[in-house]
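Reading through the structure tokens given below for one structure.
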There are 2 protein chains.
Amino acid sequence: MQKRVLVLALFLSPVASLTPATADQGMWTFDRFPVAKVQAGYGFAPSRTWLDHVRLSSGRLPGCSASFVSPQGLVMTNHHCAVNCLAALSNKMQDYVASGFYAKRLEDEVKCPSVDFLQLTAISDVTKAIAAATVGKSGRALLDARQAKERELRNACGQSETVRCDVVSLYHGGVYDLYRYNRYADVRLVFAPEFNVAQFGGDPDNFNFPRYDYDLTLLRVYQNDKPAATPDYLGWSKAGAKADELVFVPGNPGGTRRELTLAQLTYLRDVDLPRRLPATAEYRGILEQYQTEGAEQKRETNETLFFLENTYKELTGEQQALLDPQFFGQKVEEERALRTAVAKNKTLQAQYGAAWDELARVQVRKAQLSASEQFVASGPRSRLFSYARTVVRIAAEKAKPEAQRLPGFDDASLPLSMRRLQARVPVYRGPEELQLAFWAKGMREGLGPDDPFVKTVLGAQSPAQWAHALVAGTKLDDPAVRLELLNGGQNAIDATTDAMVRFAVAIDASARTARRRYEDEVTAPESKASELVAKARFAVMGTSIDPDATFTLRLSYGSVKGFPDASGTPVVPFTAIAGLYRRATGADPYELPKSWLDAKPSLDVQTPMNLCTTNDIIGGNSGSPLIDKDANIVGLVFDGNIYSLGGDFGFDARRNRTVAVDSRALLAGLRTVYHADRIVLEIAP
Amino acid sequence: MQKRVLVLALFLSPVASLTPATADQGMWTFDRFPVAKVQAGYGFAPSRTWLDHVRLSSGRLPGCSASFVSPQGLVMTNHHCAVNCLAALSNKMQDYVASGFYAKRLEDEVKCPSVDFLQLTAISDVTKAIAAATVGKSGRALLDARQAKERELRNACGQSETVRCDVVSLYHGGVYDLYRYNRYADVRLVFAPEFNVAQFGGDPDNFNFPRYDYDLTLLRVYQNDKPAATPDYLGWSKAGAKADELVFVPGNPGGTRRELTLAQLTYLRDVDLPRRLPATAEYRGILEQYQTEGAEQKRETNETLFFLENTYKELTGEQQALLDPQFFGQKVEEERALRTAVAKNKTLQAQYGAAWDELARVQVRKAQLSASEQFVASGPRSRLFSYARTVVRIAAEKAKPEAQRLPGFDDASLPLSMRRLQARVPVYRGPEELQLAFWAKGMREGLGPDDPFVKTVLGAQSPAQWAHALVAGTKLDDPAVRLELLNGGQNAIDATTDAMVRFAVAIDASARTARRRYEDEVTAPESKASELVAKARFAVMGTSIDPDATFTLRLSYGSVKGFPDASGTPVVPFTAIAGLYRRATGADPYELPKSWLDAKPSLDVQTPMNLCTTNDIIGGNSGSPLIDKDANIVGLVFDGNIYSLGGDFGFDARRNRTVAVDSRALLAGLRTVYHADRIVLEIAP
């Protein structure tokens with residue numbers, strides 16, 4: 001295979017055909033959308049009106065994306081984006097997550113607690129205003145001046161209950177834009193299918209394609225207790241999209257790290273991922289086996305395991321991308337081109353030229369300090385420990401002048417920490433022990449059995465003995481105990497015999513020292529050099545490339561297209577409802593709900609179910625509409641394939657794919673499976 | 001860090017200082033030991049007499065190495081090399097593995113079942129004889145002619161109960177040597193310490209240094225029921241070795257793969273290890289948690305977990321080596337030098353020049369077929385499944401003419417398969433279920449949920465349901481049931497409702513097809529091209545480099561030297577007994593036996609405990625003596641550091657280290673902890 005050898009070859013010969021921004025790459029802002037490029041590639045130039053209409057039809061939900069699909073405020077998003085609302089509305093009698101939900105009449109629509117919908121109504125460039133306010137300033141003064149200016153701009157924009165204004169930093173500070181949103185705080189649940197068909201295939205199918213999910217939820221925004229009027233909404237394409245057709249995805253990609261240098265990517269590939277992946281896999285194995293020990297054990301760890309499995313897939317996808325010679329070769333070429341451009345310009349070279357080598361230097365130190373950072377500075381990721389550390393640190397920090405406190409312990413932040421400490425959250429002692437023991441085992445391995453910190457933590461105990469004693473000896477799962485310690489201050493901390501608090505006290509000095517060293521020698525110099533690289537990039541490329549994702553509204557263009565799988569076999573871009581039934585074994589996670597089993601005879605099983613496209617998206621784009629050039633909905637984005645995970649570092653046009661539910665399946669489900677007639681009429685009359 | 005970027009740099013510029021055989025590298029045969037090189041590096045030239053003496057003082061045990069340490073046949077090896085003997089001699093009343101063993105008088109020494117000791121008495125070059133017998137032949141005819149010649153040579157050498165003769169192929173067929181051994185079949189147990197001090201630190205300390213193990217066992221070879229006279233034995237150095245001192249390790253390194261090409265190493269680094277490491281880690285987690293469920297669960301899986309943890313460390317060490325830019329850079333340079341030399345010679349280029357590209361081509365196919373090979377062709381690594389597959393295949397293969405049968409089912413091999421099938425071996429249903437379910441989960445992920453093979457295996461079940469049903473539905477753990485199926489032939493196979501047999505039958509055709517395809521498209525072409533590369537290497541380098549290890553007697557030279565740890569901090573080459581006590585927490589695996597706790601006041605805790613050296617060794621060298629230039633024992637080799645695991649692919653002089661018990665600690669333990677006075681008198685009078 002000679003994967004890396006191909007990289008060597010790329011490095012040796014100038015590859016003229018490789019340009020930094022390859023076909024279809026880009027999470028573009030609406031005000032700087034590359035219309036000419038799309039026109040050149042696809043023969044369609046979105047007009048300003050088109051762009052404004054799509055922007056106003058799109059929206060943001062907590063952590064997700066969404067769109068208006070009717071003039072009466074009907075909102076389309078993913079089931080997994082609304083699952084919190086479904087859970088909050090459920091009770092012992094009725095589990096809407098499992099069973100789904102359908103408001104047969106408008107008056108049956110129920111308000112989701114703590115969900116709001118943001119519609120981006122205006123974008124204005126405030127780069128000059130920010131620059132003017134901060135000119136000649138540096139360090140703390142610069143930060144203060146920028147924050148003051150941002151506050152001023154937000155206030156001038158008319159921030160209110162229904163209007164939200166954000167100053168958004170793009171290109172790592174190259175551009176500042178003011179984003180003005182309409183905020184809809186009354187969001188109600190209209191329709192959701194059963195969990196088993198929304199998340200059909202569970203973890204095995206997560207980030208995979210071919211795929212068969214019906215990951216839909218419909219919400220509605222209200223104003224004054226009435227459905228809001230939303231004149232900008234997306235129409236419905238009953239015909240769906242064809243292979244190779246131009247499609248767009250408006251949405252809110254959460255974050256990308258495409259500015260990382262080769263040194264940073266190499267650190268991830270050769271140091272960080274080879275350590276984190278097996279550790280994640282081992283802990284996953286522990287939890288999987290723990291789950292088999294009983295229903296209670298399963299319940300206690302379901303959420304943690306779900307999160308862990310998702311992380312594991314993400315890390316795997318990142319590793320695959322970085323190990324792929326073509327992908328890495330593209331990054332090599334991008335960096336070469338950028339450094340060459342910088343080197344050609346004396347001013348740029350003087351300002352930014354040293355940043356790459358500095359980042360390479362920091363990676364060496366990062367590798368050396370990683371065990372100390374992970375174990376000594378951070379401590380175990382246990383809820384009980386986190387309570388203990390918080391009470392110990394609040395007592396210590398409150399006694400200091402505000403300027404000398406640790407971040408997160410200033411007067412403004414303290415109330416939040418104290419509220420969190422008092423919140424009644426279930427703590428499961430079994431999983432806490434597992435987590436602590438696994439951490440201690442890793443710590444002993446990472447630091448070595450003779451390390452003084454290891455001796456301080458474990459003393460004469462094995463990791464399992466230590467974890468057991470610690471959990472058995474603490475009452476921090478009781479909010480009253482935490483409150484008492486909080487109110488008692490340093491005296492209470494000094495006096496308590498609670499084992500977890502005593503542990504947090506015992507390691508606090510070492511933890512603070514390790515944290516400070518890591519910040520001084522890794523975090524601070526890395527962040528400084530990264531900023532220089534980002535500035536160099538902006539100086540050379542300007543807005544000809546798209547900015548890294550910032551969980552603000554973007555538009556990506558692409559086309560319906562399959563990809564070669566791991567063995568090189570082509571995967572076609574559409575699946576059909578027939579495949580859903582073929583894949584359904586009846587055993588979790590391939591179990592179909594009764595509604596779909598019953599509806600089978602009435603469905604045209606040739607109807608396209610899911611599809612994949614070349615659009616450039618990332619986490620946060622879930623719930624985005626997939627639209628055609630008439631701005632009609634041809635699908636609902638809910639995932640990417642495994643290669644999309646490398647999208648964090650760069651876009652790989654060969655195989656990074658967006659995965660969506662086809663508009664035809666969405667409609668067939670609403671009509672034939674769920675008989676949601678009033679909704680069908682509303683979205684596709 | 002830019003790990004791989006350094007490799008790029010190496011590749012770009014000719015690095016004159018890097019030569020294929022770097023300092024101290026080499027597992028040399030005794031007849032071609034590089035005396036001049038040692039003389040040049042260390043000012044000492046081992047004489048022929050010296051080499052013969054060391055060779056005759058050394059020996060081979062099953063899977064291990066050993067040496068004579070007295071003229072009365074006393075043999076020194078590792079505890080972990082004799083643990084099978086200790087276990088076999090133990091019973092419910094007395095567990096010698098845990099408690100250790102000491103024969104106070106000669107007549108208390110007990111015979112180890114099935115241990116023999118091989119002393120290499122003569123080496124003769126038979127390359128020409130083999131070449132003459134095979135000239136002009138190829139394929140099956142060549143194989144037959146070579147085997148006939150080897151048989152003839154072995155017989156002529158005087159093979160008998162007490163003499164063993166082997167034709168050893170070195171340099172992948174470049175050299176054939178006839179090795180003649182004295183075979184001692186009566187090997188008795190003399191002394192062993194407790195498991196807890198022999199394997200102090202268990203898995204966390206395995207392949208690590210600093211280290212504190214007392215991994216010693218003493219045996220004695222007998223002839224005619226009397227201690228054998230062994231005039232060639234190694235003397236004892238009471239003073240031990242000093243830092244930087246020249247030291248030698250005679251022993252039997254098991255196997256290395258230093259001939260692998262960059263394409264093959266890249267496959268391991270970028271495809272194989274990134275897949276196997278997390279899978280091993282996840283299964284390790286499952287077993288770790290299973291062990292906590294009860295004493296019986298722990299007992300059932302102890303051996304499997306031990307094996308798995310060792311594998312995990314080995315894979316980790318291999319990965320670290322391949323990810324290290326200097327290490328990989330050395331391999332890049334070696335291959336470049338070899339290919340350049342081949343290209344310069346028309347004959348060599350015509351014969352061998354295409355082999356590297358062919359191997360690169362095969363790696364691509366290997367990656368594509370790896371899931372099919374792992375899941376379809378091999379099936380689960382379950383004992384019950386293996387029984388089922390064996391009975392199914394014996395029935396099918398016996399019916400065919402011998403020439404058409406699968407390998408392992410010819411008339412000569414069948415009796416062994418049938419004996420294995422009838423052996424009474426404990427089978428644990430819980431761990432079998434775990435193993436099967438884990439395999440099925442991996443299979444579904446590797447092949448995809450729609451794969452027909454996955455559908456055949458799982459049907460409508462989840463992996464856990466399937467594994468449970470399979471184990472509940474089989475009686476193959478009963479040897480009588482297996483025998484009945486064996487005797488019943490195809491009719492019995494067709495008639496049985498045993499779930500595991502039915503499963504083996506259901507997948508047999510697919511498995512055979514997948515196996516044949518993998519052999520045709522991967523195994524065969526890879527082996528053919530590898531042979532060409534090995535021949536090219538021998539044609540260019542001849543015996544100027546050492547041959548890959550073959551579990552035959554070798555001699556390596558080096559010096560006592562520390563190494564830089566992962567963070568670059570120097571590790572000193574000696575530990576002291578004081579460190580053993582400091583590391584002992586009292587909790588497993590850092591629990592010292594009472595003997596060592598009691599002896600503490602009487603021991604000089606400054607005595608060196610373990611040491612590390614630059615000798616080039618690998619698995620199979622366990623139990624080797626570490627000797628100085630007077631051929632006196634300065635230590636007992638029992639392990640390597642984590643970097644020694646890359647020794648499979650190449651020797652990294654910077655940090656590959658051999659780990660040994662210091663001769664001074666060995667003696668102090670025998671004298672002061674165990675009061676083994678007659679032994680002390682015998683080895684160090």
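In the structure tokens, chains take the letters A, B, ... in the order shown, each chain's residues start at 1, and ligands count up from 1 in the order shown.
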
Chain A contacts to chain B at 7 Å (only C-alpha atoms) as a ChimeraX atom specification: /A:1-4,8,204,262-263,266-267,270,277-278,281-286,288-290,323,360-361,363-364,368,445,449-450,459-462,567,583,585-588

Write out as JSON, numbers by chain the residues lying within 7 Å of Glu318 of chain A, counting only C-alpha atoms and excluding same-chain residues fewer than 3 positions away. {"A": [314, 315, 321, 322, 645, 646]}

One decimal, in Å: what's the spacing between atom CA of Leu308 of chain A and atom CA of Asp272 of chain A?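 Separation of atom CA of Leu308 of chain A and atom CA of Asp272 of chain A: 16.7 Å.
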
Could you name the residues that touch Asn641 of chain B at 7 Å or less, counting only C-alpha atoms, but leaving out those on the same chain fewer than 4 positions away, as a ChimeraX atom specification? /B:207-209,656-659

Write out as JSON, numbers by chain all residues of segment 164-227 of chain A that backbone DSSP assigns to helix (DSSP H, G or I). {"A": [171, 172, 173, 195, 196, 197, 198, 202, 203, 204, 205]}

Give me, as a PyMOL selection string, all polymer residues having an atom no more than 9 Å from segment 168-176 of chain A, counting only C-alpha atoms and skipping those fewer than 3 positions away in the same chain. chain A and resi 124-130+179+531+534-535+537-539+542-543+546-550+552

Quote the spacing between atom CA of Asp411 of chain B and atom CA of Thr390 of chain B in Å to one decimal place.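 According to the coordinates, atom CA of Asp411 of chain B and atom CA of Thr390 of chain B are separated by 14.8 Å.
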
Hey, which of B:Asn196, B:Gln147, B:Ser417, B:Thr575 ends up closest to Ala133 of chain B? Count only C-alpha atoms.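 Closest candidate: B:Gln147.
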
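Using only C-alpha atoms, the nearest neighbour of Pro570 of chain A within the list A:Asn632, A:Asn491, A:Ser644, A:Arg655 is A:Arg655.
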
If you run DSSP over the backbone, which residues in segment 9-161 of chain B end up strand (DSSP E)? Put them as a VMD selection string. chain B and resid 58 to 61 64 to 68 74 to 77 101 to 102 110 to 111 117 to 125

From the options A:Ala676, A:Leu611, A:Cys85, A:Ala241, which residue's atoms come nearest to Pro573 of chain A, counting only C-alpha atoms?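 With only C-alpha atoms as the atom set, the closest residue is A:Leu611.
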
Leu234 of chain B environment, 7 Å, only C-alpha atoms, sequence neighbours closer than 3 positions dropped, as a count of residues only: 6

Counting only C-alpha atoms, figure out which residue out of A:Val97, A:Val249, A:Asn615, A:His53 gets nearest to Gly558 of chain A.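 Looking at the shortest contact to Gly558 of chain A, the residue is A:Asn615.
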
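Near Gly254 of chain A, within a cut-off of 12 Å and counting only C-alpha atoms, sit the residues Met27, Arg60, Leu61, Pro62, Gly63, Cys64, Ser65, Asp548, Ala549, Thr550, Phe551, Thr552, Leu553, Arg554, Ile617, Ile618, Gly619, Gly620, Asn621, Ser622, Gly647 and Asp648 of chain A, with same-chain residues fewer than 5 positions away left out.
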
Would you write out those residues with C-alpha atoms, as a PDB file, in the first residue's frame?
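Output saved as part_23.pdb:
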```pdb
ATOM      1  CA  MET A  27     -18.487  26.333   4.606  1.00  0.00           C
ATOM      2  CA  ARG A  60     -30.057  27.483  14.519  1.00  0.00           C
ATOM      3  CA  LEU A  61     -31.192  25.275  17.411  1.00  0.00           C
ATOM      4  CA  PRO A  62     -29.018  24.422  20.439  1.00  0.00           C
ATOM      5  CA  GLY A  63     -26.120  22.468  18.892  1.00  0.00           C
ATOM      6  CA  CYS A  64     -27.957  21.949  15.594  1.00  0.00           C
ATOM      7  CA  SER A  65     -29.380  23.415  12.425  1.00  0.00           C
ATOM      8  CA  ASP A 548     -12.945  27.801   9.832  1.00  0.00           C
ATOM      9  CA  ALA A 549     -16.369  26.851  11.179  1.00  0.00           C
ATOM     10  CA  THR A 550     -17.655  28.851  14.164  1.00  0.00           C
ATOM     11  CA  PHE A 551     -21.201  27.486  14.715  1.00  0.00           C
ATOM     12  CA  THR A 552     -22.610  30.359  12.680  1.00  0.00           C
ATOM     13  CA  LEU A 553     -24.706  30.136   9.538  1.00  0.00           C
ATOM     14  CA  ARG A 554     -22.852  28.916   6.447  1.00  0.00           C
ATOM     15  CA  ILE A 617     -20.276  19.971   6.554  1.00  0.00           C
ATOM     16  CA  ILE A 618     -19.365  19.059  10.135  1.00  0.00           C
ATOM     17  CA  GLY A 619     -21.004  18.513  13.544  1.00  0.00           C
ATOM     18  CA  GLY A 620     -23.567  21.294  14.106  1.00  0.00           C
ATOM     19  CA  ASN A 621     -24.922  20.832  10.559  1.00  0.00           C
ATOM     20  CA  SER A 622     -27.289  18.150  11.845  1.00  0.00           C
ATOM     21  CA  GLY A 647     -13.311  17.277   7.570  1.00  0.00           C
ATOM     22  CA  ASP A 648     -12.109  18.667  10.867  1.00  0.00           C
TER      23      ASP A 648
END
```

Do a neighbour search on Thr496 of chain A at 12 Å with only C-alpha atoms, toss out local chain neighbours closer than 3 positions, and write the hits as a compact mmCIF listing (two decimals) with all heavy atoms, in the first residue's frame.
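Saved result, result_6.txt, follows:
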```txt
# COMPACT_ATOMS: atom_id res chain seq x y z
N ALA A 388 -15.53 17.44 44.39
CA ALA A 388 -14.53 17.63 45.44
C ALA A 388 -13.55 18.74 45.04
O ALA A 388 -13.27 19.65 45.83
CB ALA A 388 -13.77 16.32 45.69
N VAL A 391 -15.26 22.24 45.36
CA VAL A 391 -15.40 22.81 46.72
C VAL A 391 -14.04 23.20 47.28
O VAL A 391 -13.89 24.24 47.92
CB VAL A 391 -16.16 21.88 47.72
CG1 VAL A 391 -17.61 21.73 47.32
CG2 VAL A 391 -15.49 20.53 47.89
N VAL A 392 -13.04 22.36 47.02
CA VAL A 392 -11.70 22.66 47.52
C VAL A 392 -11.18 23.96 46.91
O VAL A 392 -10.64 24.83 47.60
CB VAL A 392 -10.74 21.49 47.22
CG1 VAL A 392 -9.28 21.90 47.43
CG2 VAL A 392 -11.09 20.27 48.06
N GLY A 473 -15.98 6.07 50.58
CA GLY A 473 -15.70 7.03 51.65
C GLY A 473 -16.17 8.44 51.38
O GLY A 473 -15.77 9.37 52.09
N THR A 474 -17.00 8.63 50.36
CA THR A 474 -17.46 10.00 50.09
C THR A 474 -18.98 10.09 50.14
O THR A 474 -19.69 9.13 49.86
CB THR A 474 -16.98 10.48 48.69
OG1 THR A 474 -17.35 11.86 48.55
CG2 THR A 474 -17.61 9.67 47.57
N LYS A 475 -19.46 11.27 50.55
CA LYS A 475 -20.90 11.53 50.53
C LYS A 475 -21.21 12.67 49.57
O LYS A 475 -22.27 13.30 49.66
CB LYS A 475 -21.38 11.86 51.93
CG LYS A 475 -21.37 10.64 52.84
CD LYS A 475 -21.86 10.98 54.23
CE LYS A 475 -21.94 9.72 55.08
NZ LYS A 475 -21.72 10.04 56.51
N LEU A 476 -20.31 12.95 48.68
CA LEU A 476 -20.49 14.10 47.79
C LEU A 476 -21.60 13.89 46.77
O LEU A 476 -21.95 14.82 46.04
CB LEU A 476 -19.18 14.45 47.08
CG LEU A 476 -18.09 15.06 47.94
CD1 LEU A 476 -16.87 15.38 47.11
CD2 LEU A 476 -18.59 16.32 48.64
N VAL A 481 -24.58 17.73 51.36
CA VAL A 481 -23.19 17.64 51.84
C VAL A 481 -22.30 18.64 51.09
O VAL A 481 -21.45 19.31 51.67
CB VAL A 481 -22.66 16.19 51.68
CG1 VAL A 481 -21.17 16.12 51.99
CG2 VAL A 481 -23.45 15.24 52.57
N ARG A 482 -22.55 18.74 49.80
CA ARG A 482 -21.75 19.67 48.99
C ARG A 482 -22.01 21.12 49.43
O ARG A 482 -21.08 21.92 49.58
CB ARG A 482 -22.08 19.51 47.51
CG ARG A 482 -21.87 18.10 46.99
CD ARG A 482 -21.83 18.02 45.48
NE ARG A 482 -23.08 18.31 44.79
CZ ARG A 482 -23.98 17.39 44.42
NH1 ARG A 482 -23.80 16.11 44.72
NH2 ARG A 482 -25.07 17.74 43.77
N GLU A 484 -23.01 22.14 52.35
CA GLU A 484 -22.43 22.35 53.67
C GLU A 484 -20.94 22.68 53.55
O GLU A 484 -20.43 23.60 54.20
CB GLU A 484 -22.62 21.05 54.47
CG GLU A 484 -22.76 21.24 55.96
CD GLU A 484 -22.94 19.88 56.63
OE1 GLU A 484 -23.98 19.23 56.36
OE2 GLU A 484 -22.03 19.46 57.36
N LEU A 485 -20.25 21.93 52.69
CA LEU A 485 -18.82 22.18 52.49
C LEU A 485 -18.59 23.53 51.84
O LEU A 485 -17.65 24.26 52.17
CB LEU A 485 -18.20 21.08 51.62
CG LEU A 485 -17.93 19.75 52.32
CD1 LEU A 485 -17.72 18.64 51.30
CD2 LEU A 485 -16.70 19.87 53.23
N LEU A 486 -19.48 23.88 50.94
CA LEU A 486 -19.38 25.16 50.24
C LEU A 486 -19.53 26.31 51.23
O LEU A 486 -18.74 27.25 51.25
CB LEU A 486 -20.50 25.22 49.18
CG LEU A 486 -20.44 26.32 48.15
CD1 LEU A 486 -19.18 26.17 47.30
CD2 LEU A 486 -21.67 26.25 47.25
N GLY A 488 -19.18 26.11 54.48
CA GLY A 488 -18.22 26.03 55.57
C GLY A 488 -16.85 26.60 55.22
O GLY A 488 -16.02 26.81 56.11
N GLY A 489 -16.60 26.78 53.94
CA GLY A 489 -15.33 27.37 53.51
C GLY A 489 -14.12 26.53 53.89
O GLY A 489 -14.23 25.31 54.10
N GLN A 490 -12.98 27.18 54.00
CA GLN A 490 -11.72 26.47 54.22
C GLN A 490 -11.74 25.64 55.51
O GLN A 490 -11.17 24.54 55.55
CB GLN A 490 -10.56 27.47 54.24
CG GLN A 490 -9.18 26.83 54.16
CD GLN A 490 -8.99 26.01 52.88
OE1 GLN A 490 -9.25 26.47 51.78
NE2 GLN A 490 -8.57 24.75 53.02
N ASN A 491 -12.41 26.15 56.53
CA ASN A 491 -12.47 25.38 57.80
C ASN A 491 -13.16 24.04 57.59
O ASN A 491 -12.71 23.01 58.11
CB ASN A 491 -13.24 26.18 58.87
CG ASN A 491 -12.39 27.34 59.37
OD1 ASN A 491 -11.17 27.35 59.16
ND2 ASN A 491 -13.03 28.32 59.99
N ALA A 492 -14.25 24.07 56.85
CA ALA A 492 -14.99 22.83 56.60
C ALA A 492 -14.13 21.86 55.77
O ALA A 492 -14.11 20.65 56.02
CB ALA A 492 -16.30 23.13 55.87
N ILE A 493 -13.43 22.40 54.78
CA ILE A 493 -12.55 21.57 53.95
C ILE A 493 -11.47 20.94 54.83
O ILE A 493 -11.19 19.73 54.73
CB ILE A 493 -11.89 22.41 52.84
CG1 ILE A 493 -12.94 23.05 51.92
CG2 ILE A 493 -10.89 21.58 52.04
CD1 ILE A 493 -13.73 22.07 51.09
N ALA A 499 -13.49 11.12 51.97
CA ALA A 499 -12.31 10.60 51.28
C ALA A 499 -12.03 11.33 49.97
O ALA A 499 -10.87 11.57 49.62
CB ALA A 499 -12.49 9.10 51.00
N MET A 500 -13.09 11.70 49.24
CA MET A 500 -12.88 12.35 47.94
C MET A 500 -12.33 13.76 48.14
O MET A 500 -11.47 14.21 47.38
CB MET A 500 -14.19 12.36 47.15
CG MET A 500 -14.02 12.71 45.69
SD MET A 500 -13.05 11.50 44.75
CE MET A 500 -14.29 10.26 44.39
N VAL A 501 -12.84 14.45 49.16
CA VAL A 501 -12.32 15.79 49.44
C VAL A 501 -10.86 15.71 49.87
O VAL A 501 -10.01 16.47 49.40
CB VAL A 501 -13.17 16.50 50.51
CG1 VAL A 501 -12.57 17.87 50.84
CG2 VAL A 501 -14.61 16.65 50.04
N ARG A 502 -10.56 14.77 50.76
CA ARG A 502 -9.17 14.60 51.20
C ARG A 502 -8.26 14.30 50.00
O ARG A 502 -7.14 14.80 49.91
CB ARG A 502 -9.04 13.47 52.23
CG ARG A 502 -9.69 13.76 53.58
CD ARG A 502 -8.72 14.39 54.62
NE ARG A 502 -8.15 15.64 54.22
CZ ARG A 502 -8.73 16.86 54.33
NH1 ARG A 502 -9.92 16.97 54.89
NH2 ARG A 502 -8.13 17.94 53.92
N PHE A 503 -8.74 13.49 49.05
CA PHE A 503 -7.95 13.19 47.85
C PHE A 503 -7.72 14.45 47.02
O PHE A 503 -6.60 14.76 46.59
CB PHE A 503 -8.66 12.11 47.02
CG PHE A 503 -8.12 11.95 45.63
CD1 PHE A 503 -6.80 11.55 45.41
CD2 PHE A 503 -8.91 12.20 44.51
CE1 PHE A 503 -6.29 11.41 44.13
CE2 PHE A 503 -8.41 12.07 43.22
CZ PHE A 503 -7.09 11.68 43.02
N ALA A 504 -8.81 15.22 46.83
CA ALA A 504 -8.68 16.45 46.04
C ALA A 504 -7.70 17.41 46.69
O ALA A 504 -6.90 18.07 46.02
CB ALA A 504 -10.05 17.10 45.86
N VAL A 505 -7.73 17.48 48.03
CA VAL A 505 -6.79 18.35 48.75
C VAL A 505 -5.36 17.83 48.56
O VAL A 505 -4.44 18.60 48.27
CB VAL A 505 -7.14 18.40 50.26
CG1 VAL A 505 -6.02 19.05 51.06
CG2 VAL A 505 -8.47 19.13 50.48
```
